[in-house]
file upload-v2.txt (compact mmCIF, C-alpha atoms and all ligand atoms)
# COMPACT_ATOMS: atom_id res chain seq x y z
CA MET A 1 -75.04 -57.65 43.66
CA LEU A 2 -71.81 -55.68 43.21
CA LEU A 3 -72.33 -55.84 39.44
CA ASP A 4 -75.98 -54.84 39.72
CA SER A 5 -75.14 -51.75 41.76
CA TYR A 6 -72.09 -50.80 39.66
CA PRO A 7 -70.84 -48.03 39.42
CA ASN A 8 -72.44 -47.16 42.75
CA PHE A 9 -71.69 -48.45 46.22
CA ILE A 10 -73.84 -51.08 47.85
CA SER A 11 -74.09 -51.01 51.62
CA GLY A 12 -72.64 -53.79 53.73
CA SER A 13 -75.89 -54.10 55.66
CA LEU A 14 -77.93 -54.60 52.48
CA LEU A 15 -75.49 -57.28 51.34
CA ALA A 16 -75.62 -58.93 54.78
CA GLN A 17 -79.42 -58.79 54.92
CA THR A 18 -79.92 -60.16 51.39
CA LEU A 19 -77.42 -62.97 51.87
CA GLY A 20 -78.64 -63.74 55.39
CA ILE A 21 -75.16 -63.46 56.89
CA SER A 22 -73.41 -61.06 59.27
CA ARG A 23 -71.59 -57.92 58.13
CA VAL A 24 -68.33 -59.50 59.30
CA ALA A 25 -69.06 -62.47 57.03
CA VAL A 26 -69.67 -60.05 54.14
CA TRP A 27 -66.32 -58.42 54.83
CA SER A 28 -64.58 -61.80 54.81
CA ARG A 29 -66.23 -62.77 51.50
CA ILE A 30 -65.24 -59.47 49.96
CA ASN A 31 -61.66 -60.23 50.96
CA LYS A 32 -61.88 -63.65 49.31
CA LEU A 33 -62.98 -61.96 46.08
CA ARG A 34 -60.08 -59.53 46.39
CA LEU A 35 -57.67 -62.46 46.65
CA GLN A 36 -59.00 -63.59 43.26
CA GLY A 37 -57.92 -60.30 41.76
CA ILE A 38 -61.35 -58.64 41.86
CA ASP A 39 -60.77 -55.04 42.86
CA ILE A 40 -63.38 -53.87 45.38
CA ARG A 41 -63.34 -50.54 47.17
CA ALA A 42 -64.75 -50.26 50.68
CA ILE A 43 -65.71 -47.06 52.48
CA GLN A 44 -66.87 -47.17 56.05
CA ASN A 45 -70.56 -46.33 56.46
CA VAL A 46 -70.99 -46.26 52.66
CA GLY A 47 -70.35 -49.80 51.51
CA TYR A 48 -68.62 -51.67 48.72
CA ARG A 49 -68.03 -50.82 45.10
CA LEU A 50 -66.61 -52.89 42.27
CA VAL A 51 -63.57 -51.17 40.76
CA GLY A 52 -61.98 -53.66 38.40
CA GLU A 53 -61.89 -57.25 37.23
CA PRO A 54 -58.86 -59.49 36.73
CA ILE A 55 -57.71 -60.02 33.18
CA ILE A 56 -57.43 -63.79 33.72
CA LEU A 57 -60.55 -65.95 33.46
CA ASN A 58 -62.38 -66.12 36.77
CA LYS A 59 -65.21 -68.64 37.11
CA ASN A 60 -67.23 -66.63 39.62
CA LEU A 61 -67.19 -63.58 37.40
CA VAL A 62 -68.49 -65.51 34.40
CA TYR A 63 -71.37 -66.81 36.52
CA ALA A 64 -72.00 -63.36 37.99
CA TRP A 65 -72.05 -61.66 34.59
CA LEU A 66 -74.39 -64.26 33.10
CA GLU A 67 -76.74 -63.71 36.02
CA HIS A 68 -76.38 -59.95 35.67
CA ILE A 69 -77.48 -60.07 32.01
CA ASN A 70 -80.21 -62.48 32.95
CA TYR A 71 -79.02 -65.55 31.14
CA LYS A 72 -79.18 -68.93 32.85
CA ASN A 73 -80.16 -71.39 30.18
CA CYS A 74 -76.96 -73.32 29.64
CA GLN A 75 -74.66 -75.84 31.29
CA LEU A 76 -71.37 -74.13 31.92
CA PHE A 77 -67.94 -75.79 32.22
CA ILE A 78 -64.93 -73.58 32.94
CA TYR A 79 -61.33 -74.83 32.90
CA ASP A 80 -57.93 -73.31 33.59
CA SER A 81 -56.48 -75.52 30.88
CA ILE A 82 -58.03 -77.95 28.40
CA ASN A 83 -56.88 -79.60 25.18
CA SER A 84 -59.56 -77.86 23.08
CA THR A 85 -62.91 -76.44 24.15
CA ASN A 86 -64.40 -77.91 20.94
CA ILE A 87 -63.09 -81.41 21.75
CA GLU A 88 -64.33 -81.12 25.35
CA THR A 89 -67.75 -79.93 24.18
CA GLU A 90 -67.99 -82.87 21.79
CA LYS A 91 -67.19 -85.25 24.66
CA LEU A 92 -69.71 -83.60 27.01
CA LEU A 93 -72.40 -83.63 24.32
CA THR A 94 -72.21 -87.41 24.16
CA GLU A 95 -72.40 -87.96 27.91
CA ASN A 96 -74.21 -85.03 29.49
CA THR A 97 -77.24 -83.66 27.72
CA SER A 98 -79.52 -83.03 30.71
CA LYS A 99 -79.34 -79.30 29.99
CA LEU A 100 -78.44 -77.78 26.64
CA PRO A 101 -76.58 -75.96 25.27
CA ILE A 102 -73.26 -76.95 26.80
CA VAL A 103 -70.81 -74.09 27.12
CA VAL A 104 -67.09 -74.73 27.61
CA ILE A 105 -64.62 -71.95 28.38
CA ALA A 106 -60.91 -72.16 29.15
CA ASP A 107 -58.07 -69.82 30.08
CA LYS A 108 -55.74 -71.76 27.79
CA GLN A 109 -55.85 -74.64 25.29
CA THR A 110 -53.05 -77.14 24.79
CA ASN A 111 -54.39 -78.43 21.48
CA GLY A 112 -56.52 -75.57 20.11
CA LYS A 113 -58.00 -76.33 16.69
CA GLY A 114 -58.26 -73.90 13.81
CA ARG A 115 -60.01 -74.21 10.46
CA LEU A 116 -58.53 -76.38 7.71
CA ASN A 117 -56.76 -78.63 10.22
CA LYS A 118 -54.56 -75.83 11.51
CA LYS A 119 -53.50 -75.31 15.09
CA TRP A 120 -55.02 -72.44 17.07
CA THR A 121 -52.28 -71.23 19.40
CA SER A 122 -54.02 -70.60 22.71
CA PRO A 123 -51.81 -69.10 25.42
CA SER A 124 -53.15 -68.31 28.88
CA GLY A 125 -53.95 -64.74 29.89
CA GLY A 126 -57.32 -63.24 29.11
CA ASN A 127 -58.17 -64.48 25.61
CA VAL A 128 -61.56 -65.94 24.69
CA TYR A 129 -61.57 -69.71 24.06
CA LEU A 130 -65.20 -70.70 24.02
CA SER A 131 -67.34 -73.48 22.58
CA ILE A 132 -71.08 -73.92 22.64
CA GLY A 133 -72.59 -77.31 21.86
CA PHE A 134 -76.13 -77.91 20.61
CA LYS A 135 -78.18 -80.93 19.55
CA PRO A 136 -80.27 -79.41 16.77
CA ASN A 137 -81.79 -82.50 15.10
CA VAL A 138 -82.85 -80.42 12.10
CA GLU A 139 -82.17 -80.73 8.36
CA VAL A 140 -78.74 -79.53 7.27
CA LEU A 141 -80.35 -76.82 5.16
CA LYS A 142 -81.68 -74.97 8.19
CA LEU A 143 -78.17 -74.46 9.52
CA ARG A 144 -76.32 -73.85 6.29
CA LYS A 145 -75.78 -70.17 6.89
CA PHE A 146 -75.30 -70.52 10.63
CA THR A 147 -71.54 -69.87 10.66
CA LEU A 148 -71.69 -66.88 8.31
CA TYR A 149 -74.55 -65.37 10.27
CA LEU A 150 -72.69 -65.93 13.54
CA GLY A 151 -69.47 -64.40 12.20
CA MET A 152 -71.39 -61.28 11.30
CA GLN A 153 -73.16 -61.19 14.65
CA ILE A 154 -69.82 -61.49 16.49
CA VAL A 155 -68.41 -58.57 14.50
CA LYS A 156 -71.54 -56.50 15.28
CA LEU A 157 -71.17 -57.31 18.98
CA LEU A 158 -67.46 -56.36 18.97
CA ARG A 159 -68.17 -53.09 17.14
CA ASN A 160 -70.77 -52.29 19.73
CA GLU A 161 -68.69 -53.40 22.71
CA PHE A 162 -65.59 -51.45 21.68
CA ASN A 163 -67.37 -48.61 19.97
CA THR A 164 -65.51 -48.82 16.66
CA GLU A 165 -66.40 -49.95 13.15
CA LYS A 166 -62.89 -51.28 12.54
CA PHE A 167 -63.95 -54.89 13.15
CA MET A 168 -64.62 -56.81 9.93
CA VAL A 169 -65.37 -60.37 8.91
CA LYS A 170 -63.21 -62.20 6.37
CA TRP A 171 -65.12 -64.97 4.62
CA PRO A 172 -66.03 -67.39 5.91
CA ASN A 173 -65.39 -66.37 9.49
CA ASP A 174 -62.10 -64.80 10.41
CA ILE A 175 -62.47 -61.78 12.64
CA ILE A 176 -60.36 -58.85 11.52
CA LEU A 177 -59.24 -55.64 13.19
CA ASN A 178 -56.98 -53.11 11.47
CA GLU A 179 -56.21 -55.52 8.60
CA LYS A 180 -55.00 -58.16 11.08
CA LYS A 181 -56.61 -61.26 12.49
CA ILE A 182 -57.89 -61.15 16.07
CA GLY A 183 -60.16 -64.17 16.04
CA GLY A 184 -61.82 -67.02 14.27
CA ILE A 185 -64.73 -69.43 14.39
CA LEU A 186 -64.59 -73.18 14.00
CA THR A 187 -68.02 -74.76 13.63
CA GLU A 188 -68.12 -78.55 13.71
CA ALA A 189 -71.19 -80.65 13.07
CA SER A 190 -72.00 -84.32 13.07
CA ILE A 191 -74.60 -85.20 10.50
CA ASP A 192 -76.78 -88.30 10.41
CA SER A 193 -78.74 -88.92 7.22
CA GLU A 194 -79.17 -85.24 6.29
CA ARG A 195 -79.96 -84.14 9.85
CA VAL A 196 -77.58 -82.22 12.09
CA ASN A 197 -77.14 -84.34 15.18
CA SER A 198 -74.67 -82.20 17.09
CA LEU A 199 -73.33 -78.73 16.37
CA ILE A 200 -70.34 -77.15 18.07
CA PHE A 201 -69.68 -73.45 17.70
CA GLY A 202 -66.07 -72.66 18.67
CA LEU A 203 -64.80 -69.12 19.00
CA GLY A 204 -61.32 -67.78 19.73
CA ILE A 205 -60.70 -64.05 20.22
CA ASN A 206 -57.32 -62.60 21.13
CA LEU A 207 -58.12 -60.00 23.74
CA TYR A 208 -54.61 -59.75 25.20
CA GLN A 209 -52.25 -62.43 23.91
CA THR A 210 -51.00 -62.47 20.35
CA PRO A 211 -49.88 -65.90 19.26
CA LYS A 212 -46.42 -65.88 17.71
CA LEU A 213 -46.73 -67.49 14.33
CA ASN A 214 -44.45 -67.55 11.35
CA ARG A 215 -46.71 -66.57 8.53
CA ASN A 216 -45.82 -65.80 4.96
CA LYS A 217 -46.32 -62.26 3.74
CA ASN A 218 -49.75 -62.88 2.20
CA LYS A 219 -51.24 -64.11 5.46
CA LEU A 220 -52.95 -61.77 7.84
CA LYS A 221 -50.83 -61.13 10.91
CA PRO A 222 -52.33 -62.21 14.22
CA THR A 223 -52.89 -59.49 16.78
CA SER A 224 -55.01 -58.75 19.84
CA ILE A 225 -57.75 -56.24 20.60
CA SER A 226 -55.75 -54.82 23.50
CA HIS A 227 -52.71 -54.23 21.29
CA GLU A 228 -54.65 -52.69 18.41
CA LEU A 229 -56.99 -50.46 20.38
CA GLY A 230 -54.65 -49.65 23.27
CA ILE A 231 -57.25 -50.65 25.86
CA GLU A 232 -57.75 -53.33 28.49
CA PRO A 233 -60.89 -55.18 27.40
CA SER A 234 -62.97 -56.91 30.10
CA LEU A 235 -63.09 -60.61 29.42
CA HIS A 236 -66.02 -61.57 31.64
CA PRO A 237 -68.84 -59.29 30.46
CA LEU A 238 -67.75 -59.87 26.86
CA THR A 239 -67.82 -63.66 27.32
CA ALA A 240 -71.26 -63.51 28.95
CA ARG A 241 -72.69 -61.31 26.19
CA ILE A 242 -71.23 -63.55 23.48
CA ILE A 243 -72.79 -66.67 25.03
CA LYS A 244 -76.22 -65.02 25.25
CA MET A 245 -75.99 -63.70 21.69
CA VAL A 246 -74.80 -67.00 20.16
CA VAL A 247 -77.60 -68.99 21.80
CA LYS A 248 -80.16 -66.43 20.67
CA SER A 249 -78.78 -66.45 17.11
CA TYR A 250 -78.79 -70.26 17.08
CA ASN A 251 -82.45 -70.30 18.13
CA ASN A 252 -83.23 -67.77 15.42
CA CYS A 253 -81.56 -70.01 12.83
CA ILE A 254 -83.38 -73.12 14.03
CA ASN A 255 -86.75 -71.37 14.09
CA GLN A 256 -86.09 -69.76 10.70
CA LYS A 257 -86.43 -66.36 12.32
CA ILE A 258 -83.44 -64.78 10.63
CA ASP A 259 -84.02 -62.56 7.69
CA PRO A 260 -83.33 -64.75 4.62
CA ASN A 261 -81.73 -61.68 3.07
CA PHE A 262 -79.30 -61.20 5.92
CA LEU A 263 -76.51 -61.91 3.46
CA SER A 264 -77.12 -58.54 1.83
CA GLU A 265 -76.00 -57.02 5.14
CA TRP A 266 -72.72 -58.89 4.70
CA ASN A 267 -71.19 -56.13 2.53
CA GLU A 268 -71.20 -53.77 5.47
CA TYR A 269 -68.88 -56.07 7.41
CA ASP A 270 -67.03 -57.75 4.54
CA TYR A 271 -63.25 -57.36 4.72
CA LEU A 272 -62.65 -58.96 1.30
CA ASN A 273 -65.14 -56.96 -0.75
CA ASN A 274 -63.50 -55.64 -3.92
CA LYS A 275 -60.06 -56.90 -2.92
CA ASP A 276 -57.81 -58.98 -5.19
CA ILE A 277 -57.50 -62.39 -3.62
CA SER A 278 -56.48 -65.99 -4.22
CA VAL A 279 -58.64 -68.98 -3.32
CA LEU A 280 -56.90 -72.28 -2.68
CA LYS A 281 -59.17 -75.29 -2.90
CA GLY A 282 -57.36 -78.62 -2.83
CA ASP A 283 -54.55 -78.11 -5.35
CA ASP A 284 -56.49 -75.50 -7.35
CA LEU A 285 -55.44 -71.88 -6.96
CA SER A 286 -57.80 -69.24 -8.43
CA LYS A 287 -57.01 -65.54 -8.51
CA GLY A 288 -59.45 -62.69 -9.02
CA ASN A 289 -61.40 -59.84 -7.50
CA CYS A 290 -63.74 -60.61 -4.60
CA GLN A 291 -67.34 -59.61 -5.27
CA GLY A 292 -68.82 -60.47 -1.89
CA ILE A 293 -71.02 -63.53 -1.47
CA ASP A 294 -74.00 -65.05 -3.29
CA HIS A 295 -77.44 -65.95 -1.86
CA ASP A 296 -76.16 -69.25 -0.53
CA GLY A 297 -73.22 -67.65 1.25
CA ASN A 298 -70.62 -68.80 -1.29
CA LEU A 299 -67.68 -66.50 -2.00
CA LEU A 300 -67.86 -64.81 -5.42
CA LEU A 301 -64.73 -64.30 -7.47
CA LYS A 302 -64.52 -62.26 -10.67
CA PHE A 303 -61.71 -63.19 -13.05
CA PRO A 304 -59.84 -60.64 -15.21
CA ASN A 305 -61.82 -61.89 -18.28
CA GLY A 306 -65.08 -60.91 -16.57
CA SER A 307 -66.33 -64.41 -15.77
CA LYS A 308 -67.37 -65.28 -12.23
CA LYS A 309 -67.06 -68.34 -10.03
CA SER A 310 -68.42 -69.11 -6.60
CA PHE A 311 -66.64 -71.07 -3.87
CA SER A 312 -68.29 -72.93 -1.01
CA SER A 313 -64.96 -73.40 0.79
CA GLY A 314 -61.29 -72.60 0.39
CA GLU A 315 -58.33 -70.81 1.88
CA ILE A 316 -58.30 -67.13 1.04
CA ASP A 317 -55.24 -64.90 0.81
CA LEU A 318 -54.87 -61.32 -0.31
CA LEU A 319 -52.86 -60.66 -3.46
CA GLN A 320 -50.18 -58.01 -3.04
C1 LIG B 1 -59.77 -70.30 12.69
O1 LIG B 1 -58.98 -71.09 12.17
O2 LIG B 1 -59.77 -69.10 12.38
C2 LIG B 1 -60.77 -70.78 13.71
C3 LIG B 1 -60.19 -70.76 15.10
C4 LIG B 1 -61.15 -71.25 16.16
C5 LIG B 1 -60.47 -71.32 17.52
C6 LIG B 1 -61.44 -71.63 18.61
S1 LIG B 1 -60.74 -71.37 20.21
C7 LIG B 1 -62.11 -72.15 20.95
C8 LIG B 1 -62.48 -73.33 20.08
N1 LIG B 1 -61.73 -74.50 20.47
C9 LIG B 1 -60.87 -74.86 19.52
O3 LIG B 1 -60.06 -75.83 19.61
N2 LIG B 1 -60.98 -74.05 18.46
C10 LIG B 1 -61.99 -73.06 18.66

call {"tool": "encode", "arguments": {"input": "upload-v2.txt", "output": "structure tokens"}}
result
Amino acid sequence: MLLDSYPNFISGSLLAQTLGISRVAVWSRINKLRLQGIDIRAIQNVGYRLVGEPIILNKNLVYAWLEHINYKNCQLFIYDSINSTNIETEKLLTENTSKLPIVVIADKQTNGKGRLNKKWTSPSGGNVYLSIGFKPNVEVLKLRKFTLYLGMQIVKLLRNEFNTEKFMVKWPNDIILNEKKIGGILTEASIDSERVNSLIFGLGINLYQTPKLNRNKNKLKPTSISHELGIEPSLHPLTARIIKMVVKSYNNCINQKIDPNFLSEWNEYDYLNNKDISVLKGDDLSKGNCQGIDHDGNLLLKFPNGSKKSFSSGEIDLLQ
């Protein structure tokens, strides 16, 4: 109710009446919220007003924001610490499918997973570590472009949320801000005879904490949105909006509702377009100029002799 009336005050008597409790009980609940770091202003004879949210993940706020944006169709699991939200989602998907999708969020991960078997350093303190698990039971083909589409949708949402076009996507799905990496997506699927049995969409976004990694000079430096934009992003509304958007995008993919030409939109968000890059696939290193992606979502590389080659996977670095 505090979120619904934000930025205005809501009266203590309206809160008491709606909740069916006394005004003293309202006061005591407000104090409990304050102890959780939720900043609430009270003025006698006026009421209560939400002023600020804690940076650290707060379960009640995730629930409140999901309700506020009218999204209830998932099973939510929130942890202070977990090995990996993707691993936990995989476990829950095998034992608890009464309501799908399953959404797992954590304040920190002790064994965060990145793409290409890398570690995803996941310190506590306001970053997004989120996984959403589905049981699609559809042919692989229907979900082939899912990750690319989602990467683009995440970038759109971040541009909108933070009111800047500086967010870009680096194929296949690194999230870039100011030429540095602020996030990534790890999609994992289990496939049974050409059908996708389970699908886990894992997303990490550095809102506040920048992992300290020793990277060589060709790798993009990790950074955080707070550091780059000089702001204090709100974790809870962002998390809620991401969950709603991902589930909607997933349903669009399953129901073939996405524009088959969405890849032509890719250029607008493409960090690599026209850059000189290297693609490492197994032991093969190819160098050339990036020409965006083809109709199937493969990365297109143009070699100095004019020939082109497409890549369905690989590790991409910029050439200096
Ligand atoms: C990448 O390598 O860029 C992908 C990183 C994906 C990290 C997220 S954090 C939430 C989810 N759980 C994990 O263990 N990994 C993903």

call {"tool": "closest_residue", "arguments": {"input": "upload-v2.txt", "among": "A:Asn173, A:Asn45, A:Ser98, A:Asn298", "to": "ligand LIG 1 (chain B)", "atoms": "all atoms listed in the file"}}
result
A:Asn173

call {"tool": "closest_residue", "arguments": {"input": "upload-v2.txt", "among": "A:Val128, A:Ile254, A:Leu235, A:Met152", "to": "ligand LIG 1 (chain B)", "atoms": "all atoms listed in the file"}}
result
A:Val128

call {"tool": "residues_near_ligand", "arguments": {"input": "upload-v2.txt", "ligand": "ligand LIG 1 (chain B)", "cutoff": "10 Å", "atoms": "all atoms listed in the file", "output": "number ranges by chain"}}
result
A: 82-89, 104-106, 108-122, 127-132, 170, 172-175, 181-188, 200-206

call {"tool": "residues_around", "arguments": {"input": "upload-v2.txt", "residues": "region 284-291 of chain A", "least_positions_apart": "3", "cutoff": "6 Å", "atoms": "only C-alpha atoms", "output": "ChimeraX atom specification"}}
result
/A:273-281,300-303

call {"tool": "atom_distance", "arguments": {"input": "upload-v2.txt", "atom1": "CA of Ile30 (chain A)", "atom2": "CA of Arg49 (chain A)"}}
result
10.3 Å

call {"tool": "residues_around", "arguments": {"input": "upload-v2.txt", "residues": "Leu15 (chain A)", "least_positions_apart": "3", "cutoff": "10 Å", "atoms": "all atoms listed in the file", "output": "PyMOL selection string"}}
result
chain A and resi 1-2+10-12+18-23+26-27+47-48

call {"tool": "write_last_selection", "arguments": {"input": "upload-v2.txt", "atoms": "C-alpha atoms", "output": "PDB file, keeping the file's coordinate frame"}}
result
ATOM      1  CA  MET A   1     -75.040 -57.650  43.660  1.00  0.00           C
ATOM      2  CA  LEU A   2     -71.810 -55.680  43.210  1.00  0.00           C
ATOM      3  CA  ILE A  10     -73.840 -51.080  47.850  1.00  0.00           C
ATOM      4  CA  SER A  11     -74.090 -51.010  51.620  1.00  0.00           C
ATOM      5  CA  GLY A  12     -72.640 -53.790  53.730  1.00  0.00           C
ATOM      6  CA  THR A  18     -79.920 -60.160  51.390  1.00  0.00           C
ATOM      7  CA  LEU A  19     -77.420 -62.970  51.870  1.00  0.00           C
ATOM      8  CA  GLY A  20     -78.640 -63.740  55.390  1.00  0.00           C
ATOM      9  CA  ILE A  21     -75.160 -63.460  56.890  1.00  0.00           C
ATOM     10  CA  SER A  22     -73.410 -61.060  59.270  1.00  0.00           C
ATOM     11  CA  ARG A  23     -71.590 -57.920  58.130  1.00  0.00           C
ATOM     12  CA  VAL A  26     -69.670 -60.050  54.140  1.00  0.00           C
ATOM     13  CA  TRP A  27     -66.320 -58.420  54.830  1.00  0.00           C
ATOM     14  CA  GLY A  47     -70.350 -49.800  51.510  1.00  0.00           C
ATOM     15  CA  TYR A  48     -68.620 -51.670  48.720  1.00  0.00           C
TER      16      TYR A  48
END

call {"tool": "atom_distance", "arguments": {"input": "upload-v2.txt", "atom1": "CA of Pro136 (chain A)", "atom2": "CA of Ile102 (chain A)"}}
result
12.5 Å

call {"tool": "closest_residue", "arguments": {"input": "upload-v2.txt", "among": "A:Tyr63, A:Phe9, A:Tyr250, A:Phe311", "to": "Phe134 (chain A)", "atoms": "only C-alpha atoms"}}
result
A:Tyr250

call {"tool": "residues_around", "arguments": {"input": "upload-v2.txt", "residues": "Gln75 (chain A)", "least_positions_apart": "2", "cutoff": "9 Å", "atoms": "only C-alpha atoms", "output": "JSON list (two decimals) with C-alpha atoms, in the coordinates of the input"}}
result
[["chain", "number", "residue", "atom", "x", "y", "z"],
["A", 72, "LYS", "CA", -79.18, -68.93, 32.85],
["A", 73, "ASN", "CA", -80.16, -71.39, 30.18],
["A", 77, "PHE", "CA", -67.94, -75.79, 32.22],
["A", 97, "THR", "CA", -77.24, -83.66, 27.72],
["A", 98, "SER", "CA", -79.52, -83.03, 30.71],
["A", 99, "LYS", "CA", -79.34, -79.30, 29.99],
["A", 100, "LEU", "CA", -78.44, -77.78, 26.64],
["A", 101, "PRO", "CA", -76.58, -75.96, 25.27],
["A", 102, "ILE", "CA", -73.26, -76.95, 26.80],
["A", 103, "VAL", "CA", -70.81, -74.09, 27.12],
["A", 104, "VAL", "CA", -67.09, -74.73, 27.61]]

call {"tool": "closest_residue", "arguments": {"input": "upload-v2.txt", "among": "A:Tyr6, A:Lys217, A:Phe146, A:Val138", "to": "Asn252 (chain A)", "atoms": "only C-alpha atoms"}}
result
A:Phe146

call {"tool": "decode", "arguments": {"input": "upload-v2.txt", "residues": "region 43-50 of chain A", "atoms": "all heavy atoms", "output": "PDB file, in the first residue's frame"}}
result
ATOM      1  N   ILE A  43       4.079  11.471   9.487  1.00  0.00           N
ATOM      2  CA  ILE A  43       3.689  12.796   9.986  1.00  0.00           C
ATOM      3  C   ILE A  43       2.327  12.647  10.659  1.00  0.00           C
ATOM      4  O   ILE A  43       1.401  12.071  10.072  1.00  0.00           O
ATOM      5  CB  ILE A  43       3.596  13.841   8.844  1.00  0.00           C
ATOM      6  CG1 ILE A  43       4.954  14.012   8.160  1.00  0.00           C
ATOM      7  CG2 ILE A  43       3.106  15.182   9.389  1.00  0.00           C
ATOM      8  CD1 ILE A  43       4.972  15.102   7.098  1.00  0.00           C
ATOM      9  N   GLN A  44       2.270  13.146  11.867  1.00  0.00           N
ATOM     10  CA  GLN A  44       1.029  13.026  12.628  1.00  0.00           C
ATOM     11  C   GLN A  44      -0.141  13.665  11.876  1.00  0.00           C
ATOM     12  O   GLN A  44       0.018  14.726  11.268  1.00  0.00           O
ATOM     13  CB  GLN A  44       1.195  13.701  13.986  1.00  0.00           C
ATOM     14  CG  GLN A  44       0.529  12.880  15.053  1.00  0.00           C
ATOM     15  CD  GLN A  44       0.821  13.422  16.434  1.00  0.00           C
ATOM     16  OE1 GLN A  44       1.325  14.535  16.599  1.00  0.00           O
ATOM     17  NE2 GLN A  44       0.498  12.640  17.423  1.00  0.00           N
ATOM     18  N   ASN A  45      -1.257  12.990  11.887  1.00  0.00           N
ATOM     19  CA  ASN A  45      -2.482  13.436  11.209  1.00  0.00           C
ATOM     20  C   ASN A  45      -2.370  13.452   9.683  1.00  0.00           C
ATOM     21  O   ASN A  45      -3.291  13.888   9.009  1.00  0.00           O
ATOM     22  CB  ASN A  45      -2.936  14.821  11.685  1.00  0.00           C
ATOM     23  CG  ASN A  45      -3.286  14.797  13.150  1.00  0.00           C
ATOM     24  OD1 ASN A  45      -3.775  13.771  13.636  1.00  0.00           O
ATOM     25  ND2 ASN A  45      -2.996  15.882  13.853  1.00  0.00           N
ATOM     26  N   VAL A  46      -1.257  13.029   9.130  1.00  0.00           N
ATOM     27  CA  VAL A  46      -1.126  12.931   7.660  1.00  0.00           C
ATOM     28  C   VAL A  46      -0.979  11.457   7.271  1.00  0.00           C
ATOM     29  O   VAL A  46      -1.754  10.933   6.481  1.00  0.00           O
ATOM     30  CB  VAL A  46       0.085  13.750   7.128  1.00  0.00           C
ATOM     31  CG1 VAL A  46       0.214  13.585   5.614  1.00  0.00           C
ATOM     32  CG2 VAL A  46      -0.056  15.219   7.502  1.00  0.00           C
ATOM     33  N   GLY A  47       0.000  10.792   7.860  1.00  0.00           N
ATOM     34  CA  GLY A  47       0.157   9.377   7.577  1.00  0.00           C
ATOM     35  C   GLY A  47       1.595   8.984   7.327  1.00  0.00           C
ATOM     36  O   GLY A  47       2.530   9.602   7.854  1.00  0.00           O
ATOM     37  N   TYR A  48       1.747   7.969   6.468  1.00  0.00           N
ATOM     38  CA  TYR A  48       3.069   7.391   6.224  1.00  0.00           C
ATOM     39  C   TYR A  48       3.430   7.518   4.752  1.00  0.00           C
ATOM     40  O   TYR A  48       2.568   7.435   3.880  1.00  0.00           O
ATOM     41  CB  TYR A  48       3.076   5.904   6.585  1.00  0.00           C
ATOM     42  CG  TYR A  48       2.731   5.642   8.029  1.00  0.00           C
ATOM     43  CD1 TYR A  48       1.418   5.306   8.394  1.00  0.00           C
ATOM     44  CD2 TYR A  48       3.702   5.740   9.003  1.00  0.00           C
ATOM     45  CE1 TYR A  48       1.093   5.058   9.716  1.00  0.00           C
ATOM     46  CE2 TYR A  48       3.379   5.499  10.335  1.00  0.00           C
ATOM     47  CZ  TYR A  48       2.082   5.154  10.678  1.00  0.00           C
ATOM     48  OH  TYR A  48       1.766   4.924  11.990  1.00  0.00           O
ATOM     49  N   ARG A  49       4.739   7.688   4.525  1.00  0.00           N
ATOM     50  CA  ARG A  49       5.206   7.805   3.147  1.00  0.00           C
ATOM     51  C   ARG A  49       6.525   7.048   3.005  1.00  0.00           C
ATOM     52  O   ARG A  49       7.404   7.146   3.856  1.00  0.00           O
ATOM     53  CB  ARG A  49       5.439   9.273   2.803  1.00  0.00           C
ATOM     54  CG  ARG A  49       5.812   9.509   1.365  1.00  0.00           C
ATOM     55  CD  ARG A  49       5.879  11.004   1.095  1.00  0.00           C
ATOM     56  NE  ARG A  49       7.242  11.503   1.154  1.00  0.00           N
ATOM     57  CZ  ARG A  49       8.115  11.408   0.159  1.00  0.00           C
ATOM     58  NH1 ARG A  49       7.763  10.829  -0.962  1.00  0.00           N
ATOM     59  NH2 ARG A  49       9.329  11.881   0.270  1.00  0.00           N
ATOM     60  N   LEU A  50       6.623   6.295   1.922  1.00  0.00           N
ATOM     61  CA  LEU A  50       7.870   5.571   1.659  1.00  0.00           C
ATOM     62  C   LEU A  50       8.921   6.568   1.185  1.00  0.00           C
ATOM     63  O   LEU A  50       8.648   7.395   0.310  1.00  0.00           O
ATOM     64  CB  LEU A  50       7.610   4.527   0.566  1.00  0.00           C
ATOM     65  CG  LEU A  50       8.726   3.534   0.287  1.00  0.00           C
ATOM     66  CD1 LEU A  50       8.963   2.630   1.485  1.00  0.00           C
ATOM     67  CD2 LEU A  50       8.373   2.704  -0.936  1.00  0.00           C
TER      68      LEU A  50
END
